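> First, the structure itself, so that you have it in front of you.
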Amino acid sequence: MATKVHMEALSPTMEEGQLVKWLKSEGDDVSNGEIIAEIETDKATMELVARGDGLLRKILLGEGGTAPVGAVIAVIAGADEDIGEFVSGDGAAAAGAAATAEPETKKAAEESPPEPESSTPPTAEEAAPVSPPDEAPATEEGDRIKASPLARRLAEEEGVELRDVAGSGPGGRIIKRDVERAAREGVPAAAPAAAAFQLSEADYEDVPLTQMRKTIAKRLVESIGPVPHFFLTVDVDMSRAVAARQRINAMLERDGIKVSFNDIVLKATAMALKKHPDCNAHWRGDHVRRFNRVHLGVAVAIDDGLITPVVRDAHLKGLSQISPEVRELAGRARDKKLKPDEYMGSTFSVSNLGMFGIEEFTGVINPPEAGILAVGAVEERPVVIDGRIEARPMMKITMSCDHRVIDGAQGSRFLQTLQAILEEPLAALV
Amino acid sequence: MATITYREALNQALAEEMERDDSVFLMGEEVAEYDGAYKVSKGLLDQFGDRRVVDSPISELGFAGLGVGAAMVGLRPVIEFMTFNFSFLALDQVINSAAKMYYMSDGQVHLPMVFRGPTGAALQLSAQHSQACQTWYLHAPGVKLVTPATPADAKGLLKAAIRDEDPVAVMEGELLYNLKGEVPDPEDGDFVIPLGLAEVKREGGDVSIITSGAMVHMALMAAGNLEKDGIDAEVLDLRSLRPLDVDAILATVQKTNRVVVLEEGWPYAGVGAQIAATIQEEAFDDLDAPVLRVTQADVPMPYAKNLEQMAKPSADRVVQACKKVLYTD
């Protein structure tokens, strides 16, 4: 029995994937579960495994080609099995989407027999709203998951996360058989759910919305868009932090660890969030979820965008842990090797543009988080101390707050705590 | 059970109802002396006389109006159109008089009458005489419509139509008149099929083909072809297009989650559009694929035989549509 190799949804938000490398050639033996290709998703380069046994009979998407989730990109079958129907049927559609990579198969698709009514207005059958994949560019649809109404209902009944299901219908539409397969076999191994990391109920507190909170949420969204941001800025005197960093780095030198200002900001932020769970929270539509654990998203610039790997339980970690962990995550982020559970589930985020000499900026909140910290450069600036002007290493921190979750006073109290920790690092011991 | 033709089944229904109720009479072009253009009224003139089997002039608007007047004063006319293509001349009587009189008289005047004759394309009768006329009769509230596919349905539905207190159009199939099928014997009791009841003509679990009239046979042929590919199609014969058996439609959607509607007419504002709308309104969460329609092409019927074949729905196109909603094409 021939097995179609689909472009699978290898990240929760993936709409299409680029074929980086085939690890098998046409004619090679492949077995179920064996890695056959590397696929670049919107987030990382992931491995695609075979879903059946046989020979890799036909490759329909060349290296460098792109195909929407659900498209057939290869066929696995027995040595003398007839695979004509895959190659000319779905295969042609898939190849159409991968036109840039495979011009010759695109030509084949165009040569498919014309419909008899092609010179007349379309019949209902032809005009029916089933578009071939190449007419439904998934990328224009944003994050919407395409699933048949029945598939949505079944997924809810079976407790299957649609995000984790690879759709095999037109344009990657998730249909009944995909949900049934996911329910039966579990989610495909190559499309990891957030399984590696899961919250338990002890990790957070759900706070019901008061009427006032609902009104604030509604009014503010009407005012400035889906996430009503406001901004709080504080100027932090980093004199003691600078001194502390020198001593810490001298101490950690033998371990090969070099702590950055950003590491110190992360550590201090995690400590402050632990004290202010009202800022360590998610907006969840009908309630606010406040977390007891701090999972800190750290914005990392990569070649063609940015990604936010997560330092888990940052409030429990010392600088000697946070510093190498961030470095390692950032390195893999730049190589696009992060796994989905390494960039999902943060409770709060930090973005730092200090290394570019940016004095001050505002970050855009990553929903459903309620806040993000924008950290500027540490630089000597004149400040007034006891009536005298002194040069001090100063750093501006701006917090963007989701006003549906955090009010001005709450955000300010959090920033006060953060400022106090950064200005007196000994606070970490208290 | 006797095996008789569709034509004979209609003839039996007329004779039995005229026997049962002497207010029933038949009127139309060539229905008396010539036994009807399709011989449906064979022998009725001899049996019931020329007061009850009446040859009309070639004047559809006139004799349809006579029927409306007769029904208003208590008779039960059966108005035969040689084909429903000719009944466009009579549509003012159908839509403005027959369909509305009950409403406009505040329920005081019922019009217990039947319009009957063949609908749809036969073979090479060209653009003006090959039309499926269902939609014209369905659009205005006030006229019921049945489209029997088998001899048994033809007899049972025509008898129910004659007994109904409101105008009913019975649309037959020109190519069905010679079709043979089992029909309960008159001695076994009155055989009447209530209006508004669909029937599953073939049980299946993979995909539903919803259709009516002559198209039922095309649907069954498509289902047979699909079976060779291991696809188990259900064929639901609506039988009545108004009132519509919504429960039966929802039941088959819930069973198979995929629907192809097959109709002999044009797609635009057609029967299939109405059914597809009903399904998405009432069974949205049971759908695993969009409802597809197989219809006549949206063009006047060509005369040339090869073009006519392409314009008409076909079992092949039904098979293709079924595979599409099954995501196996």
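Letters for chains follow the order of the structure tokens (A, B, ...), residue numbers begin at 1 for each chain, and ligand numbers begin at 1 in the order shown.
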Could you please select, counting only C-alpha atoms, the residues of chain B within 6 Å of chain A and state them as a compact mmCIF listing (two decimals) with N, CA and C atoms, in the first residue's frame?


```
# COMPACT_ATOMS: atom_id res chain seq x y z
N PRO B 267 -27.54 25.39 -12.01
CA PRO B 267 -27.10 25.57 -10.62
C PRO B 267 -27.63 26.85 -9.96
N ASP B 285 -21.82 21.31 11.84
CA ASP B 285 -20.80 20.57 12.58
C ASP B 285 -20.69 19.11 12.16
N ASP B 286 -21.55 18.66 11.28
CA ASP B 286 -21.45 17.28 10.80
C ASP B 286 -20.72 17.19 9.47
N LEU B 287 -20.34 18.34 8.92
CA LEU B 287 -19.73 18.33 7.58
C LEU B 287 -18.23 18.17 7.66
N ASP B 288 -17.71 17.24 6.85
CA ASP B 288 -16.26 17.09 6.77
C ASP B 288 -15.74 17.68 5.46
N LEU B 292 -21.03 19.70 -2.39
CA LEU B 292 -20.82 19.95 -3.83
C LEU B 292 -22.11 19.69 -4.59
N ARG B 293 -22.27 20.39 -5.72
CA ARG B 293 -23.44 20.17 -6.56
C ARG B 293 -23.01 19.66 -7.92
N VAL B 294 -23.77 18.74 -8.45
CA VAL B 294 -23.62 18.34 -9.85
C VAL B 294 -24.92 18.74 -10.52
N ALA B 297 -24.99 22.23 -16.93
CA ALA B 297 -24.12 23.38 -17.11
C ALA B 297 -24.98 24.65 -17.20
N ASP B 298 -24.39 25.75 -16.79
CA ASP B 298 -25.14 27.01 -16.72
C ASP B 298 -25.25 27.65 -18.11
```

> Where in range 331-413 of chain A does DSSP assign strand (DSSP E or B), given as a ChimeraX atom specification?

/A:348-352,369,371-375,379-385,388-402

> Okay, now the selection with N, CA and C atoms, as a short mmCIF file (atom, residue, chain, number, x, y, z; two decimals), in the first residue's frame?


```
data_model
loop_
_atom_site.label_atom_id
_atom_site.label_comp_id
_atom_site.auth_asym_id
_atom_site.auth_seq_id
_atom_site.Cartn_x
_atom_site.Cartn_y
_atom_site.Cartn_z
N PHE A 348 6.31 35.85 30.65
CA PHE A 348 6.70 37.26 30.56
C PHE A 348 7.93 37.31 29.67
N SER A 349 8.17 38.44 29.00
CA SER A 349 9.31 38.49 28.09
C SER A 349 10.20 39.69 28.35
N VAL A 350 11.44 39.53 27.92
CA VAL A 350 12.42 40.61 28.04
C VAL A 350 13.09 40.79 26.68
N SER A 351 13.19 42.04 26.26
CA SER A 351 13.85 42.35 25.00
C SER A 351 14.92 43.40 25.28
N ASN A 352 16.12 43.18 24.77
CA ASN A 352 17.22 44.08 25.08
C ASN A 352 17.89 44.56 23.80
N GLU A 369 0.78 36.95 26.88
CA GLU A 369 1.48 37.54 28.01
C GLU A 369 0.96 38.94 28.28
N GLY A 371 2.95 41.38 29.72
CA GLY A 371 3.95 42.43 29.76
C GLY A 371 5.23 42.04 29.08
N ILE A 372 5.98 43.04 28.68
CA ILE A 372 7.32 42.82 28.14
C ILE A 372 8.19 43.97 28.61
N LEU A 373 9.44 43.63 28.88
CA LEU A 373 10.38 44.62 29.35
C LEU A 373 11.32 44.98 28.22
N ALA A 374 11.46 46.28 27.94
CA ALA A 374 12.38 46.73 26.90
C ALA A 374 13.58 47.36 27.60
N VAL A 375 14.75 46.77 27.40
CA VAL A 375 15.94 47.17 28.15
C VAL A 375 16.89 47.93 27.25
N GLU A 379 24.81 53.15 30.12
CA GLU A 379 25.79 54.16 29.70
C GLU A 379 25.88 55.25 30.75
N GLU A 380 27.05 55.85 30.80
CA GLU A 380 27.27 56.90 31.80
C GLU A 380 26.46 58.13 31.44
N ARG A 381 25.66 58.60 32.40
CA ARG A 381 24.88 59.80 32.16
C ARG A 381 24.93 60.66 33.42
N PRO A 382 24.83 61.97 33.22
CA PRO A 382 24.82 62.83 34.41
C PRO A 382 23.53 62.66 35.19
N VAL A 383 23.68 62.45 36.49
CA VAL A 383 22.49 62.40 37.34
C VAL A 383 22.71 63.28 38.56
N VAL A 384 21.64 63.73 39.13
CA VAL A 384 21.76 64.60 40.30
C VAL A 384 21.68 63.74 41.56
N ILE A 385 22.78 63.77 42.35
CA ILE A 385 22.79 62.99 43.60
C ILE A 385 23.06 63.96 44.74
N ARG A 388 24.33 67.30 43.77
CA ARG A 388 25.50 67.42 42.90
C ARG A 388 25.27 66.58 41.64
N ILE A 389 25.88 67.03 40.54
CA ILE A 389 25.78 66.25 39.31
C ILE A 389 26.90 65.23 39.27
N GLU A 390 26.55 63.96 39.08
CA GLU A 390 27.55 62.91 39.00
C GLU A 390 27.34 62.09 37.74
N ALA A 391 28.42 61.50 37.23
CA ALA A 391 28.29 60.56 36.11
C ALA A 391 28.06 59.17 36.69
N ARG A 392 26.96 58.58 36.30
CA ARG A 392 26.65 57.24 36.80
C ARG A 392 26.29 56.33 35.62
N PRO A 393 26.60 55.02 35.67
CA PRO A 393 26.13 54.10 34.65
C PRO A 393 24.62 53.91 34.80
N MET A 394 23.89 54.40 33.85
CA MET A 394 22.42 54.37 33.95
C MET A 394 21.83 53.44 32.87
N MET A 395 20.68 52.90 33.18
CA MET A 395 19.99 52.02 32.22
C MET A 395 18.49 52.31 32.29
N LYS A 396 17.89 52.53 31.13
CA LYS A 396 16.45 52.79 31.09
C LYS A 396 15.71 51.49 30.77
N ILE A 397 14.71 51.22 31.58
CA ILE A 397 13.87 50.04 31.36
C ILE A 397 12.45 50.51 31.12
N THR A 398 11.84 50.05 30.04
CA THR A 398 10.44 50.40 29.78
C THR A 398 9.61 49.13 29.76
N MET A 399 8.57 49.15 30.55
CA MET A 399 7.69 47.99 30.59
C MET A 399 6.43 48.30 29.78
N SER A 400 6.10 47.43 28.81
CA SER A 400 4.81 47.52 28.13
C SER A 400 3.84 46.64 28.91
N CYS A 401 2.69 47.20 29.26
CA CYS A 401 1.72 46.45 30.04
C CYS A 401 0.43 46.29 29.24
N ASP A 402 -0.18 45.11 29.33
CA ASP A 402 -1.52 44.90 28.79
C ASP A 402 -2.50 45.42 29.84
#
```

> Which residues come within 7 Å of range 25-33 of chain B, counting only C-alpha atoms, excluding same-chain residues fewer than 2 positions away, as a PyMOL selection string?

chain B and resi 18+23+35-37+41+45+52-58+76-82

> Keeping N, CA and C atoms, export the residues of the selection given above as a compact mmCIF listing (two decimals), in the first residue's frame.


```txt
# COMPACT_ATOMS: atom_id res chain seq x y z
N MET B 18 -60.29 9.03 -9.80
CA MET B 18 -61.52 9.47 -10.47
C MET B 18 -62.68 8.58 -10.07
N SER B 23 -65.50 14.39 -8.14
CA SER B 23 -65.14 15.79 -8.39
C SER B 23 -63.77 15.89 -9.07
N ASP B 35 -55.54 9.90 -25.94
CA ASP B 35 -55.03 9.19 -24.75
C ASP B 35 -53.80 9.85 -24.11
N GLY B 36 -53.58 11.12 -24.48
CA GLY B 36 -52.42 11.83 -23.88
C GLY B 36 -51.20 11.69 -24.75
N ALA B 37 -50.39 12.73 -24.79
CA ALA B 37 -49.19 12.72 -25.63
C ALA B 37 -48.27 11.57 -25.26
N SER B 41 -53.14 8.89 -20.11
CA SER B 41 -54.59 8.88 -19.84
C SER B 41 -55.32 7.83 -20.68
N LEU B 45 -61.02 8.28 -21.18
CA LEU B 45 -62.17 8.90 -21.82
C LEU B 45 -63.33 7.90 -21.89
N ARG B 52 -65.41 14.50 -17.84
CA ARG B 52 -64.35 14.37 -16.83
C ARG B 52 -62.97 14.17 -17.44
N VAL B 53 -62.92 13.92 -18.74
CA VAL B 53 -61.62 13.84 -19.43
C VAL B 53 -61.73 14.79 -20.61
N VAL B 54 -61.13 15.99 -20.46
CA VAL B 54 -61.46 17.10 -21.33
C VAL B 54 -60.26 17.52 -22.18
N ASP B 55 -60.41 17.47 -23.52
CA ASP B 55 -59.39 18.02 -24.41
C ASP B 55 -59.49 19.54 -24.40
N SER B 56 -58.35 20.19 -24.20
CA SER B 56 -58.37 21.65 -24.13
C SER B 56 -57.81 22.21 -25.43
N PRO B 57 -58.09 23.49 -25.73
CA PRO B 57 -57.36 24.13 -26.82
C PRO B 57 -55.88 24.30 -26.44
N ILE B 58 -55.07 24.67 -27.45
CA ILE B 58 -53.64 24.89 -27.17
C ILE B 58 -53.52 26.26 -26.53
N ARG B 76 -61.88 19.04 -8.20
CA ARG B 76 -60.48 18.68 -7.99
C ARG B 76 -59.83 18.44 -9.35
N PRO B 77 -59.45 19.50 -10.06
CA PRO B 77 -58.90 19.34 -11.41
C PRO B 77 -57.47 18.79 -11.40
N VAL B 78 -57.21 17.94 -12.41
CA VAL B 78 -55.83 17.54 -12.71
C VAL B 78 -55.51 18.15 -14.05
N ILE B 79 -54.61 19.13 -14.07
CA ILE B 79 -54.26 19.84 -15.29
C ILE B 79 -52.98 19.23 -15.84
N GLU B 80 -53.09 18.65 -17.04
CA GLU B 80 -51.89 18.06 -17.66
C GLU B 80 -51.25 19.06 -18.61
N PHE B 81 -49.95 19.32 -18.39
CA PHE B 81 -49.17 20.05 -19.38
C PHE B 81 -48.45 19.01 -20.22
N MET B 82 -48.49 19.21 -21.56
CA MET B 82 -47.84 18.21 -22.41
C MET B 82 -46.37 18.08 -22.01
```

> For a quick check of understanding, using only C-alpha atoms, which of B:Tyr34, B:Phe63, B:Trp266, B:Trp136 has the smallest distance to Ala90 in chain B?

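Between B:Tyr34, B:Phe63, B:Trp266, B:Trp136, the residue approaching Ala90 in chain B most closely is B:Phe63.
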
> Would you kindly return, as number ranges by chain, each protein, DNA or RNA residue with an atom no farther than 10 Å from any atom of Pro324 in chain A, considering only C-alpha atoms and excluding same-chain residues fewer than 4 positions away?

A: 256-259, 263, 319-320, 328-330

> Pick out the residues sitting within 7 Å of range 204-215 of chain B, and hand them over as number ranges by chain; count only C-alpha atoms, and ignore anything fewer than 6 positions along from it in its own chain.

B: 147-149, 173, 176, 231-239, 252-253, 255-264, 322

> Point out the residue among A:Leu252, A:Val265, A:Ala333, A:Leu19 with the least atom-to-atom distance to Ala301 in chain A, counting only C-alpha atoms.

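Looking only at the distances to Ala301 in chain A, the closest residue turns out to be A:Ala333.
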
> Return the single residue from A:Ala241, A:Ala314, A:Leu61, A:Ile358 that is closest to Gln419 in chain A, with distances computed using only C-alpha atoms.

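Checking each candidate against Gln419 in chain A, we get A:Ala241 as the closest.
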
> I need the helix (DSSP H, G or I) residues of range 59-296 of chain B per DSSP on the backbone, written as an NGL selection string.

:B and (60-72 or 84-98 or 101-104 or 127-129 or 134-139 or 151-163 or 174-176 or 186-188 or 215-228 or 246-256 or 271-282 or 284-286)

> Suppose you want the space between CA of Asp313 in chain A and CA of Met271 in chain A; what is it in Å?

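The value is 10.5 Å.
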
> Work out how far apart CA of Ile279 in chain B and CA of Met310 in chain B are and give it in Å to one decimal.

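Taking CA of Ile279 in chain B as the start and CA of Met310 in chain B as the end point, the length is 28.1 Å.
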
> Extract, using only C-alpha atoms, all DNA, RNA and protein residues at most 10 Å from Lys305 in chain B, discarding same-chain residues fewer than 5 positions from it, and format them as a list of chain:residue names.

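These residues fall inside the cut-off: B:Leu123, B:Gln124, B:Leu125, B:Ser126, B:Met310, B:Ala311.
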
> Need to verify the contact set: Thr135 in chain B, 10 Å, only C-alpha atoms, exclusion of same-chain residues closer than 5 positions in sequence. Can you return it as JSON, numbers by chain?

{"B": [140, 145, 241, 265, 266, 268, 269, 270, 271]}

> Selected residues, N, CA and C atoms, written as a short mmCIF file (atom, residue, chain, number, x, y, z; two decimals), in the first residue's frame, please.


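Listing of selection21.cif after writing:
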```cif
data_model
loop_
_atom_site.label_atom_id
_atom_site.label_comp_id
_atom_site.auth_asym_id
_atom_site.auth_seq_id
_atom_site.Cartn_x
_atom_site.Cartn_y
_atom_site.Cartn_z
N ALA B 140 -41.99 30.27 -5.48
CA ALA B 140 -43.07 30.98 -4.78
C ALA B 140 -43.72 30.05 -3.76
N LEU B 145 -44.55 20.42 -4.55
CA LEU B 145 -43.93 19.83 -5.75
C LEU B 145 -43.35 18.46 -5.43
N LEU B 241 -39.98 17.98 -3.26
CA LEU B 241 -39.06 19.11 -3.13
C LEU B 241 -39.69 20.22 -2.29
N GLY B 265 -31.42 20.41 -13.21
CA GLY B 265 -31.54 21.79 -13.69
C GLY B 265 -30.24 22.56 -13.55
N TRP B 266 -30.35 23.88 -13.76
CA TRP B 266 -29.19 24.76 -13.68
C TRP B 266 -28.81 25.02 -12.23
N TYR B 268 -27.82 27.91 -10.77
CA TYR B 268 -28.05 29.22 -10.18
C TYR B 268 -29.41 29.26 -9.47
N ALA B 269 -29.39 29.50 -8.16
CA ALA B 269 -30.61 29.53 -7.35
C ALA B 269 -31.42 28.25 -7.54
N GLY B 270 -30.76 27.14 -7.69
CA GLY B 270 -31.43 25.89 -7.96
C GLY B 270 -31.78 25.10 -6.71
N VAL B 271 -32.31 23.91 -6.95
CA VAL B 271 -32.71 23.03 -5.85
C VAL B 271 -31.49 22.70 -4.98
#
```
